[in-house]
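S.K.: Input structure: final01.cif, which contains mmCIF, C-alpha atoms and all ligand atoms.
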```cif
data_entry
#
loop_
_atom_site.group_PDB
_atom_site.id
_atom_site.type_symbol
_atom_site.label_atom_id
_atom_site.label_comp_id
_atom_site.auth_asym_id
_atom_site.auth_seq_id
_atom_site.Cartn_x
_atom_site.Cartn_y
_atom_site.Cartn_z
ATOM 1 C CA MET A 6 154.934 72.526 129.173
ATOM 2 C CA GLN A 7 154.366 76.251 129.085
ATOM 3 C CA THR A 8 150.911 77.753 129.128
ATOM 4 C CA SER A 9 149.727 81.273 128.452
ATOM 5 C CA THR A 10 149.448 81.940 132.194
ATOM 6 C CA ASP A 11 153.233 81.609 132.456
ATOM 7 C CA PHE A 12 153.848 84.828 130.574
ATOM 8 C CA SER A 13 153.654 88.405 131.663
ATOM 9 C CA CYS A 14 155.168 91.150 129.529
ATOM 10 C CA ILE A 15 157.526 93.195 131.703
ATOM 11 C CA LEU A 16 156.494 96.379 129.893
ATOM 12 C CA CYS A 17 152.730 96.137 129.360
ATOM 13 C CA GLY A 18 151.686 93.200 131.569
ATOM 14 C CA GLU A 19 150.157 91.284 128.648
ATOM 15 C CA ASN A 20 149.485 87.636 129.541
ATOM 16 C CA SER A 21 148.498 86.116 126.205
ATOM 17 C CA LEU A 22 150.959 83.613 124.783
ATOM 18 C CA PRO A 23 153.855 85.527 123.184
ATOM 19 C CA SER A 24 155.533 84.592 119.916
ATOM 20 C CA ILE A 25 158.806 82.713 120.246
ATOM 21 C CA VAL A 26 161.818 84.568 118.862
ATOM 22 C CA GLN A 27 164.537 82.141 119.928
ATOM 23 C CA HIS A 28 164.361 78.800 121.733
ATOM 24 C CA SER A 29 167.735 78.915 123.429
ATOM 25 C CA VAL A 30 169.589 81.590 125.358
ATOM 26 C CA LYS A 31 173.353 81.918 125.780
ATOM 27 C CA GLY A 32 174.491 81.033 129.305
ATOM 28 C CA ASP A 33 171.229 79.275 130.206
ATOM 29 C CA ARG A 34 172.696 76.030 131.556
ATOM 30 C CA HIS A 35 169.333 74.565 132.501
ATOM 31 C CA GLY A 36 167.681 75.269 129.159
ATOM 32 C CA VAL A 37 164.622 76.923 130.692
ATOM 33 C CA LEU A 38 164.747 80.310 128.980
ATOM 34 C CA GLN A 39 163.343 81.545 125.690
ATOM 35 C CA VAL A 40 163.325 84.890 123.932
ATOM 36 C CA VAL A 41 159.771 85.966 123.228
ATOM 37 C CA ARG A 42 157.914 88.895 121.698
ATOM 38 C CA CYS A 43 154.852 90.346 123.380
ATOM 39 C CA ARG A 44 151.813 90.207 121.112
ATOM 40 C CA ASN A 45 150.426 93.390 122.583
ATOM 41 C CA CYS A 46 153.322 95.870 122.722
ATOM 42 C CA GLY A 47 155.969 94.039 120.674
ATOM 43 C CA HIS A 48 158.615 93.995 123.425
ATOM 44 C CA PHE A 49 161.373 91.363 123.136
ATOM 45 C CA GLN A 50 162.284 89.757 126.468
ATOM 46 C CA LEU A 51 163.448 86.601 128.164
ATOM 47 C CA ASN A 52 160.768 84.318 129.460
ATOM 48 C CA PRO A 53 160.798 83.795 132.366
ATOM 49 C CA PRO A 54 162.510 87.150 133.111
ATOM 50 C CA MET A 55 165.126 85.815 135.527
ATOM 51 C CA TYR A 56 167.483 87.997 137.504
ATOM 52 C CA SER A 57 170.125 86.512 139.771
ATOM 53 C CA ILE A 58 172.499 88.635 141.863
ATOM 54 C CA ASP A 59 174.667 85.502 142.176
ATOM 55 C CA TYR A 60 175.359 85.734 138.477
ATOM 56 C CA TYR A 61 176.790 89.218 138.946
ATOM 57 C CA ASN A 62 178.679 88.312 142.124
ATOM 58 C CA GLU A 63 180.428 85.533 140.238
ATOM 59 C CA ASP A 64 181.107 87.930 137.367
ATOM 60 C CA GLU A 65 179.840 85.380 134.889
ATOM 61 C CA GLN A 66 179.279 87.814 132.029
ATOM 62 C CA VAL A 67 182.970 88.735 132.020
ATOM 63 C CA ASN A 68 183.996 85.086 132.486
ATOM 64 C CA PHE A 69 181.922 84.136 129.483
ATOM 65 C CA VAL A 70 183.569 86.682 127.203
ATOM 66 C CA VAL A 71 186.984 85.442 128.368
ATOM 67 C CA HIS A 72 186.215 81.750 127.893
ATOM 68 C CA ASP A 73 183.787 81.657 125.015
ATOM 69 C CA TYR A 74 184.932 84.580 122.893
ATOM 70 C CA GLY A 75 188.610 84.148 123.717
ATOM 71 C CA THR A 76 189.027 87.809 124.655
ATOM 72 C CA PRO A 77 191.691 88.092 127.406
ATOM 73 C CA ILE A 78 190.779 89.982 130.568
ATOM 74 C CA GLU A 79 193.470 92.616 129.834
ATOM 75 C CA LYS A 80 191.752 93.430 126.551
ATOM 76 C CA ILE A 81 188.375 93.671 128.277
ATOM 77 C CA VAL A 82 189.861 96.118 130.779
ATOM 78 C CA GLU A 83 191.507 98.141 127.991
ATOM 79 C CA HIS A 84 188.199 98.301 126.132
ATOM 80 C CA SER A 85 186.378 99.322 129.293
ATOM 81 C CA TRP A 86 188.595 102.405 129.520
ATOM 82 C CA ILE A 87 187.953 103.274 125.887
ATOM 83 C CA ASP A 88 184.223 102.878 126.569
ATOM 84 C CA ALA A 89 184.451 105.077 129.680
ATOM 85 C CA LYS A 90 186.222 107.873 127.776
ATOM 86 C CA ARG A 91 183.773 107.708 124.897
ATOM 87 C CA ARG A 92 180.802 107.709 127.253
ATOM 88 C CA LEU A 93 181.987 110.937 128.783
ATOM 89 C CA LYS A 94 182.389 112.375 125.273
ATOM 90 C CA ARG A 95 178.741 111.574 124.453
ATOM 91 C CA PHE A 96 177.616 114.534 126.556
ATOM 92 C CA GLN A 97 179.686 116.977 124.584
ATOM 93 C CA GLN A 98 178.606 115.348 121.297
ATOM 94 C CA ARG A 99 174.980 115.930 122.299
ATOM 95 C CA GLY A 100 175.506 119.554 123.246
ATOM 96 C CA ILE A 101 175.804 119.123 127.014
ATOM 97 C CA ALA A 102 178.733 121.090 128.463
ATOM 98 C CA LEU A 103 179.429 119.502 131.840
ATOM 99 C CA GLU A 104 181.661 122.354 133.046
ATOM 100 C CA GLN A 105 178.840 124.819 132.517
ATOM 101 C CA ILE A 106 176.192 122.922 134.455
ATOM 102 C CA SER A 107 178.546 122.829 137.409
ATOM 103 C CA SER A 108 179.328 126.550 137.652
ATOM 104 C CA ALA A 109 177.694 127.170 141.063
ATOM 105 C CA GLU A 110 178.535 124.004 142.970
ATOM 106 C CA PRO A 111 180.242 120.682 142.151
ATOM 107 C CA LEU A 112 178.243 118.678 139.643
ATOM 108 C CA ARG A 113 176.681 115.594 141.210
ATOM 109 C CA ILE A 114 176.724 112.443 139.105
ATOM 110 C CA LEU A 115 175.366 109.029 140.030
ATOM 111 C CA ASP A 116 176.343 106.063 137.867
ATOM 112 C CA ILE A 117 173.762 103.344 138.478
ATOM 113 C CA GLY A 118 175.032 99.785 138.036
ATOM 114 C CA GLY A 119 178.509 101.239 137.601
ATOM 115 C CA GLY A 120 180.355 97.924 137.991
ATOM 116 C CA TYR A 121 184.072 98.385 138.547
ATOM 117 C CA GLY A 122 183.685 102.150 138.411
ATOM 118 C CA PHE A 123 185.627 102.855 135.211
ATOM 119 C CA PHE A 124 183.189 105.534 134.047
ATOM 120 C CA GLY A 125 183.108 107.117 137.503
ATOM 121 C CA SER A 126 186.904 107.096 137.600
ATOM 122 C CA GLU A 127 187.179 108.718 134.173
ATOM 123 C CA VAL A 128 184.752 111.471 135.217
ATOM 124 C CA LYS A 129 186.859 112.100 138.356
ATOM 125 C CA ARG A 130 190.028 112.161 136.257
ATOM 126 C CA GLN A 131 188.697 114.804 133.875
ATOM 127 C CA TYR A 132 186.667 116.725 136.460
ATOM 128 C CA PRO A 133 188.325 116.232 139.869
ATOM 129 C CA ASN A 134 185.885 118.566 141.660
ATOM 130 C CA PHE A 135 182.737 116.681 140.576
ATOM 131 C CA ASP A 136 180.900 114.599 143.148
ATOM 132 C CA VAL A 137 180.773 111.155 141.539
ATOM 133 C CA LYS A 138 179.093 108.113 143.043
ATOM 134 C CA VAL A 139 178.944 104.577 141.688
ATOM 135 C CA LEU A 140 175.873 102.621 142.746
ATOM 136 C CA GLU A 141 176.674 98.938 142.326
ATOM 137 C CA PRO A 142 174.467 96.143 143.730
ATOM 138 C CA SER A 143 177.246 93.544 143.682
ATOM 139 C CA SER A 144 179.617 94.087 146.608
ATOM 140 C CA LYS A 145 182.152 91.798 144.995
ATOM 141 C CA ARG A 146 182.299 93.944 141.873
ATOM 142 C CA ALA A 147 182.544 97.145 143.890
ATOM 143 C CA GLU A 148 185.431 95.697 145.927
ATOM 144 C CA MET A 149 187.240 94.453 142.839
ATOM 145 C CA GLY A 150 186.809 97.859 141.186
ATOM 146 C CA GLN A 151 188.108 99.774 144.198
ATOM 147 C CA LYS A 152 191.111 97.473 144.482
ATOM 148 C CA TYR A 153 191.878 97.656 140.770
ATOM 149 C CA LEU A 154 191.573 101.451 140.593
ATOM 150 C CA SER A 155 193.601 102.120 143.725
ATOM 151 C CA GLU A 156 196.386 99.876 142.404
ATOM 152 C CA ALA A 157 196.260 101.546 138.979
ATOM 153 C CA GLY A 158 197.677 104.774 140.427
ATOM 154 C CA GLU A 159 196.798 108.445 140.411
ATOM 155 C CA SER A 160 195.757 108.505 136.759
ATOM 156 C CA HIS A 161 192.736 106.393 137.753
ATOM 157 C CA PRO A 162 191.020 108.138 140.687
ATOM 158 C CA VAL A 163 188.683 105.993 142.784
ATOM 159 C CA PRO A 164 185.102 107.330 142.826
ATOM 160 C CA ASP A 165 182.818 106.745 145.834
ATOM 161 C CA PHE A 166 181.145 103.346 145.702
ATOM 162 C CA VAL A 167 177.746 102.679 147.241
ATOM 163 C CA THR A 168 176.785 99.022 147.489
ATOM 164 C CA GLU A 169 173.000 99.294 147.474
ATOM 165 C CA LEU A 170 170.096 98.524 145.245
ATOM 166 C CA LEU A 171 168.175 101.253 143.485
ATOM 167 C CA ASN A 172 164.902 101.113 145.399
ATOM 168 C CA GLU A 173 162.383 103.307 147.271
ATOM 169 C CA ASP A 174 164.701 103.584 150.288
ATOM 170 C CA PHE A 175 167.562 104.846 148.177
ATOM 171 C CA VAL A 176 165.279 107.360 146.437
ATOM 172 C CA ALA A 177 163.928 108.577 149.802
ATOM 173 C CA LYS A 178 167.489 109.514 150.788
ATOM 174 C CA TYR A 179 168.634 111.161 147.552
ATOM 175 C CA GLN A 180 165.493 112.397 145.781
ATOM 176 C CA GLY A 181 166.100 115.389 143.489
ATOM 177 C CA THR A 182 169.759 115.760 144.442
ATOM 178 C CA TYR A 183 171.695 114.694 141.323
ATOM 179 C CA ASP A 184 172.491 116.704 138.223
ATOM 180 C CA ILE A 185 173.071 113.622 136.098
ATOM 181 C CA VAL A 186 172.178 109.976 136.580
ATOM 182 C CA THR A 187 173.735 107.528 134.128
ATOM 183 C CA MET A 188 172.883 103.920 133.336
ATOM 184 C CA TRP A 189 175.343 102.389 130.899
ATOM 185 C CA HIS A 190 174.052 99.011 129.716
ATOM 186 C CA VAL A 191 171.992 98.431 132.854
ATOM 187 C CA LEU A 192 168.320 98.680 131.880
ATOM 188 C CA GLU A 193 168.409 95.506 129.775
ATOM 189 C CA HIS A 194 169.470 93.562 132.905
ATOM 190 C CA VAL A 195 166.576 94.475 135.192
ATOM 191 C CA PRO A 196 163.261 92.593 135.440
ATOM 192 C CA ASN A 197 161.245 95.828 135.979
ATOM 193 C CA PRO A 198 162.594 98.489 133.592
ATOM 194 C CA ILE A 199 159.722 100.990 133.871
ATOM 195 C CA PRO A 200 159.645 101.364 137.687
ATOM 196 C CA PHE A 201 163.465 101.091 137.749
ATOM 197 C CA LEU A 202 163.905 104.001 135.333
ATOM 198 C CA GLY A 203 161.128 105.820 137.215
ATOM 199 C CA LEU A 204 163.221 105.638 140.401
ATOM 200 C CA ALA A 205 166.284 106.927 138.535
ATOM 201 C CA CYS A 206 164.236 109.883 137.238
ATOM 202 C CA GLN A 207 163.275 110.823 140.798
ATOM 203 C CA LEU A 208 166.932 111.123 141.793
ATOM 204 C CA VAL A 209 167.740 114.026 139.492
ATOM 205 C CA LYS A 210 167.079 117.710 140.167
ATOM 206 C CA PRO A 211 163.714 119.038 138.950
ATOM 207 C CA ASN A 212 163.859 121.274 135.835
ATOM 208 C CA THR A 213 167.547 120.708 135.091
ATOM 209 C CA GLY A 214 168.390 117.042 135.856
ATOM 210 C CA LEU A 215 169.386 114.582 133.155
ATOM 211 C CA VAL A 216 168.969 110.808 133.084
ATOM 212 C CA CYS A 217 171.217 109.151 130.502
ATOM 213 C CA VAL A 218 170.580 105.596 129.447
ATOM 214 C CA GLU A 219 172.464 103.403 127.013
ATOM 215 C CA VAL A 220 171.355 99.906 126.016
ATOM 216 C CA PRO A 221 172.255 97.406 123.292
ATOM 217 C CA ASN A 222 170.059 97.949 120.247
ATOM 218 C CA GLY A 223 167.634 95.135 119.420
ATOM 219 C CA ASP A 224 167.483 96.580 115.892
ATOM 220 C CA ASP A 225 171.252 96.228 115.401
ATOM 221 C CA GLU A 226 171.443 95.406 111.682
ATOM 222 C CA LEU A 227 174.132 92.802 112.370
ATOM 223 C CA MET A 228 171.335 90.617 113.795
ATOM 224 C CA SER A 229 170.038 90.056 110.283
ATOM 225 C CA LEU A 230 173.478 89.780 108.662
ATOM 226 C CA SER A 231 175.152 87.178 110.910
ATOM 227 C CA PRO A 232 173.169 84.239 112.334
ATOM 228 C CA ALA A 233 175.973 83.550 114.843
ATOM 229 C CA PHE A 234 175.817 87.124 116.092
ATOM 230 C CA ARG A 235 172.076 86.836 116.458
ATOM 231 C CA ASP A 236 172.427 83.602 118.464
ATOM 232 C CA ARG A 237 174.935 85.085 120.857
ATOM 233 C CA ASN A 238 173.060 88.339 121.202
ATOM 234 C CA TYR A 239 170.382 86.635 123.294
ATOM 235 C CA MET A 240 171.969 85.978 126.669
ATOM 236 C CA ILE A 241 170.902 85.074 130.160
ATOM 237 C CA GLU A 242 171.911 88.405 131.655
ATOM 238 C CA HIS A 243 169.863 90.502 129.217
ATOM 239 C CA ILE A 244 166.207 90.298 130.117
ATOM 240 C CA SER A 245 165.092 92.992 127.641
ATOM 241 C CA TYR A 246 166.068 93.594 123.990
ATOM 242 C CA PHE A 247 165.110 97.210 123.416
ATOM 243 C CA ASN A 248 164.660 99.039 120.157
ATOM 244 C CA ARG A 249 163.814 102.722 119.719
ATOM 245 C CA HIS A 250 160.093 102.096 120.230
ATOM 246 C CA SER A 251 160.297 100.004 123.384
ATOM 247 C CA LEU A 252 162.970 102.225 124.928
ATOM 248 C CA GLU A 253 160.809 105.286 124.305
ATOM 249 C CA THR A 254 157.801 103.504 125.778
ATOM 250 C CA VAL A 255 159.766 102.731 128.931
ATOM 251 C CA ALA A 256 160.971 106.337 129.203
ATOM 252 C CA ARG A 257 157.488 107.838 128.723
ATOM 253 C CA GLN A 258 155.983 105.607 131.347
ATOM 254 C CA ALA A 259 158.859 106.102 133.764
ATOM 255 C CA ASP A 260 158.473 109.902 133.624
ATOM 256 C CA SER A 261 155.698 111.338 131.472
ATOM 257 C CA GLN A 262 156.996 114.903 131.911
ATOM 258 C CA ALA A 263 160.580 114.354 130.766
ATOM 259 C CA LYS A 264 161.766 115.341 127.306
ATOM 260 C CA ILE A 265 163.175 112.297 125.541
ATOM 261 C CA ASN A 266 166.080 112.428 123.082
ATOM 262 C CA LEU A 267 167.072 109.150 121.492
ATOM 263 C CA TYR A 268 170.194 108.526 119.407
ATOM 264 C CA GLY A 269 171.972 105.649 117.743
ATOM 265 C CA TYR A 270 175.476 104.877 118.989
ATOM 266 C CA GLN A 271 177.975 102.489 117.397
ATOM 267 C CA ARG A 272 180.429 100.963 119.910
ATOM 268 C CA TYR A 273 182.269 98.344 117.856
ATOM 269 C CA GLY A 274 184.310 99.040 114.769
ATOM 270 C CA ILE A 275 183.777 98.126 111.146
ATOM 271 C CA PHE A 276 186.291 95.227 111.240
ATOM 272 C CA ASN A 277 184.276 93.535 113.955
ATOM 273 C CA TYR A 278 181.156 94.023 111.841
ATOM 274 C CA PHE A 279 182.783 92.560 108.721
ATOM 275 C CA HIS A 280 184.187 89.635 110.715
ATOM 276 C CA TRP A 281 180.763 88.618 111.982
ATOM 277 C CA ILE A 282 179.310 88.870 108.482
ATOM 278 C CA HIS A 283 182.168 87.202 106.613
ATOM 279 C CA PHE A 284 183.176 84.462 109.070
ATOM 280 C CA ASN A 285 179.935 84.286 111.036
ATOM 281 C CA LYS A 286 181.818 84.108 114.330
ATOM 282 C CA PRO A 287 183.223 86.479 116.963
ATOM 283 C CA GLN A 288 186.504 88.276 116.368
ATOM 284 C CA GLY A 289 187.949 86.623 119.455
ATOM 285 C CA ALA A 290 191.114 87.854 121.118
ATOM 286 C CA ASN A 291 190.881 91.438 119.981
ATOM 287 C CA PRO A 292 187.449 92.574 118.797
ATOM 288 C CA ASP A 293 187.684 95.850 116.899
ATOM 289 C CA LEU A 294 186.571 98.795 118.963
ATOM 290 C CA LEU A 295 188.537 101.209 116.790
ATOM 291 C CA GLU A 296 191.304 102.317 119.108
ATOM 292 C CA GLY A 297 193.036 104.679 116.711
ATOM 293 C CA GLU A 298 192.042 107.337 114.215
ATOM 294 C CA ASP A 299 193.824 105.840 111.207
ATOM 295 C CA ARG A 300 190.806 104.747 109.207
ATOM 296 C CA TRP A 301 188.413 107.274 110.579
ATOM 297 C CA TRP A 302 187.400 108.396 107.069
ATOM 298 C CA LEU A 303 185.910 104.934 106.563
ATOM 299 C CA GLU A 304 184.504 104.444 110.042
ATOM 300 C CA ALA A 305 182.928 107.885 110.276
ATOM 301 C CA THR A 306 180.651 107.450 107.261
ATOM 302 C CA TRP A 307 179.644 103.932 108.217
ATOM 303 C CA ARG A 308 178.991 104.886 111.840
ATOM 304 C CA ALA A 309 176.995 107.981 110.938
ATOM 305 C CA ALA A 310 174.744 105.992 108.582
ATOM 306 C CA ARG A 311 173.993 103.326 111.167
ATOM 307 C CA GLU A 312 173.507 105.777 114.002
ATOM 308 C CA GLN A 313 171.120 107.855 111.927
ATOM 309 C CA ALA A 314 169.094 104.811 110.884
ATOM 310 C CA LEU A 315 169.105 103.606 114.532
ATOM 311 C CA THR A 316 170.528 100.254 113.400
ATOM 312 C CA SER A 317 173.786 100.786 115.361
ATOM 313 C CA ASP A 318 174.809 98.369 118.107
ATOM 314 C CA ALA A 319 173.620 100.662 120.906
ATOM 315 C CA LEU A 320 170.953 103.250 121.650
ATOM 316 C CA PHE A 321 171.712 106.310 123.762
ATOM 317 C CA MET A 322 168.875 108.218 125.392
ATOM 318 C CA ILE A 323 168.903 111.483 127.318
ATOM 319 C CA MET A 324 165.841 112.304 129.428
ATOM 320 C CA GLU A 325 165.594 115.956 130.431
ATOM 321 C CA LYS A 326 163.526 116.733 133.499
ATOM 322 C CA SER A 327 161.010 119.502 133.036
HETATM 323 ZN ZN ZN B 401 153.980 93.903 126.127
#
```
Produce structure tokens that represent the structure in this file.
Ligand SMILES: [Zn+2]

M.R.:
Amino acid sequence: MQTSTDFSCILCGENSLPSIVQHSVKGDRHGVLQVVRCRNCGHFQLNPPMYSIDYYNEDEQVNFVVHDYGTPIEKIVEHSWIDAKRRLKRFQQRGIALEQISSAEPLRILDIGGGYGFFGSEVKRQYPNFDVKVLEPSSKRAEMGQKYLSEAGESHPVPDFVTELLNEDFVAKYQGTYDIVTMWHVLEHVPNPIPFLGLACQLVKPNTGLVCVEVPNGDDELMSLSPAFRDRNYMIEHISYFNRHSLETVARQADSQAKINLYGYQRYGIFNYFHWIHFNKPQGANPDLLEGEDRWWLEATWRAAREQALTSDALFMIMEKS
């Protein structure tokens, strides 16, 4: 039986009994996890906030999508490349010209929790002179990524992988040396988001450095439109469920001096959205990520509305060091 002393909010430290949001969590084989909301700051998180490196070494998140959603691994890989290309485009969309930052010396980018290195590889492909590092705590993932990319040929350059954790030791070595630090869908996985983002902020150059963070959006409007989507949205590997308020809180506390810009970003396409609403189940073998441009007239309006209202499926934040 749980008591109030069992809870501690990972953002504000509140110990009073939180409200229960969901009693079960996807992937929680032992049935010990709940999704709760802090009564003090309103943060949504898993309780207890478990993190297991074994889970990542066994690649269970990918395995789950393959087995439970029925999405083949080839499709996941294909989508990962689309994601990588679009992530690189985000900078341009938000007025950041990468070529211009790097005029004096090669731009230094660190992708924290970079997994198989797809984003790092795409950056190297488009900007071969950039210094790109992928920091990945799971050695198995880093090895798989290196193997995959080197076998994929010259069109997929292999970035440098560093198999370390982001901690004080890492920061001591690389403090203030990066132009851009990225964290694509990483912050929701860590049990200590404020100090973790704080470390990332110390890695970038003073005055000019950028820390770019993307997370799933806890205010994704699909949560209220499809009960099945809502059920599956709460999963063992996501400790935090951020919305604009909690993400901003984390950023302010991680670096009180940084300028924070927060945007909505819609990853999945309108067919995926309709499928969840109409059939109340995942799209399965080929979830719509909108590969082409054929129905862009329809997608563009829908995406813009959701991104503006911050009810899109992701939130993208740029922190500018001052
Ligand atoms: Zn709290």

S.K.: Which one of A:Pro23, A:Pro77, A:Gly47, A:Pro54 sits closest to ligand ZN 401 (chain B) if you count only C-alpha atoms and all ligand atoms?

M.R.: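 Among the listed residues, the smallest separation from ligand ZN 401 (chain B) belongs to A:Gly47.
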
S.K.: I'd like to see the residues matched by the PyMOL selection byres (((chain A and resi 264-279) around 8) and not hetatm) on this file, and ideally I'd get them as an NGL selection string.

M.R.: :A and (88 or 227 or 249 or 253 or 256-257 or 262-263 or 280-283 or 287-288 or 292-295 or 304 or 307-308 or 311-327)

S.K.: I'd like to see the residues matched by the PyMOL selection byres (((not hetatm)) within 8 of (chain B and resi 401)) on this file, and ideally I'd get them as a ChimeraX atom specification.

M.R.: /A:13-19,42-48

S.K.: Taking the file above as input, evaluate the PyMOL selection byres (((chain A and resi 143-158) around 7) and not hetatm) and report the hits as a list in words.

M.R.: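 Written out, the selection comes to Tyr61, Asn62, Gly120, Tyr121, Gly122, Glu141, Pro142, Glu159, Ser160, His161, Pro162, Val163, Phe166 and Thr168 of chain A.
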
S.K.: Please provide the set of residues having any atom within 9 Å of His190 of chain A, restricted to only C-alpha atoms, with same-chain residues fewer than 3 positions apart removed, written as a ChimeraX atom specification.

M.R.: /A:118,193-194,218-221,319

S.K.: Using all atoms listed in the file, find each residue of segment 62-167 of chain A with at least one atom at most 7 Å away from an atom of segment 181-187 of chain A; report its shortest atom-to-atom pair and that distance in Å (one decimal), sort the rows by chain and rising residue number, and return the result as a Markdown table.

M.R.:
```
| residue | atom | partner | partner_atom | distance |
| --- | --- | --- | --- | --- |
| A:Leu112 | CA | A:Asp184 | CA | 6.2 |
| A:Arg113 | CA | A:Tyr183 | CA | 5.1 |
| A:Ile114 | CA | A:Ile185 | CA | 4.9 |
| A:Leu115 | CA | A:Val186 | CA | 4.8 |
| A:Asp116 | CA | A:Thr187 | CA | 4.8 |
| A:Ile117 | CA | A:Thr187 | CA | 6.0 |
```

S.K.: Residues as selected, C-alpha atoms, written as a short mmCIF file (atom, residue, chain, number, x, y, z; two decimals), in the coordinates of the input, can you do that?

M.R.:
```
data_model
loop_
_atom_site.label_atom_id
_atom_site.label_comp_id
_atom_site.auth_asym_id
_atom_site.auth_seq_id
_atom_site.Cartn_x
_atom_site.Cartn_y
_atom_site.Cartn_z
CA LEU A 112 178.24 118.68 139.64
CA ARG A 113 176.68 115.59 141.21
CA ILE A 114 176.72 112.44 139.10
CA LEU A 115 175.37 109.03 140.03
CA ASP A 116 176.34 106.06 137.87
CA ILE A 117 173.76 103.34 138.48
#
```

S.K.: I'd like the interatomic distance between atom CA of Trp189 of chain A and atom CA of Asn172 of chain A, to a tenth of an Å.

M.R.: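 So the two atoms, atom CA of Trp189 of chain A and atom CA of Asn172 of chain A, lie 17.9 Å apart.
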
S.K.: Just to confirm, what's the straight-line distance from atom CA of Val167 of chain A to atom CA of Val128 of chain A in Å (one decimal)?

M.R.: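 Interatomic distance here is 16.5 Å.
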
S.K.: As an exercise, work out the distance from atom CA of Glu79 of chain A to atom CA of Arg92 of chain A in Å and give it to one decimal place.

M.R.: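 Separating atom CA of Glu79 of chain A from atom CA of Arg92 of chain A is a distance of 19.9 Å.
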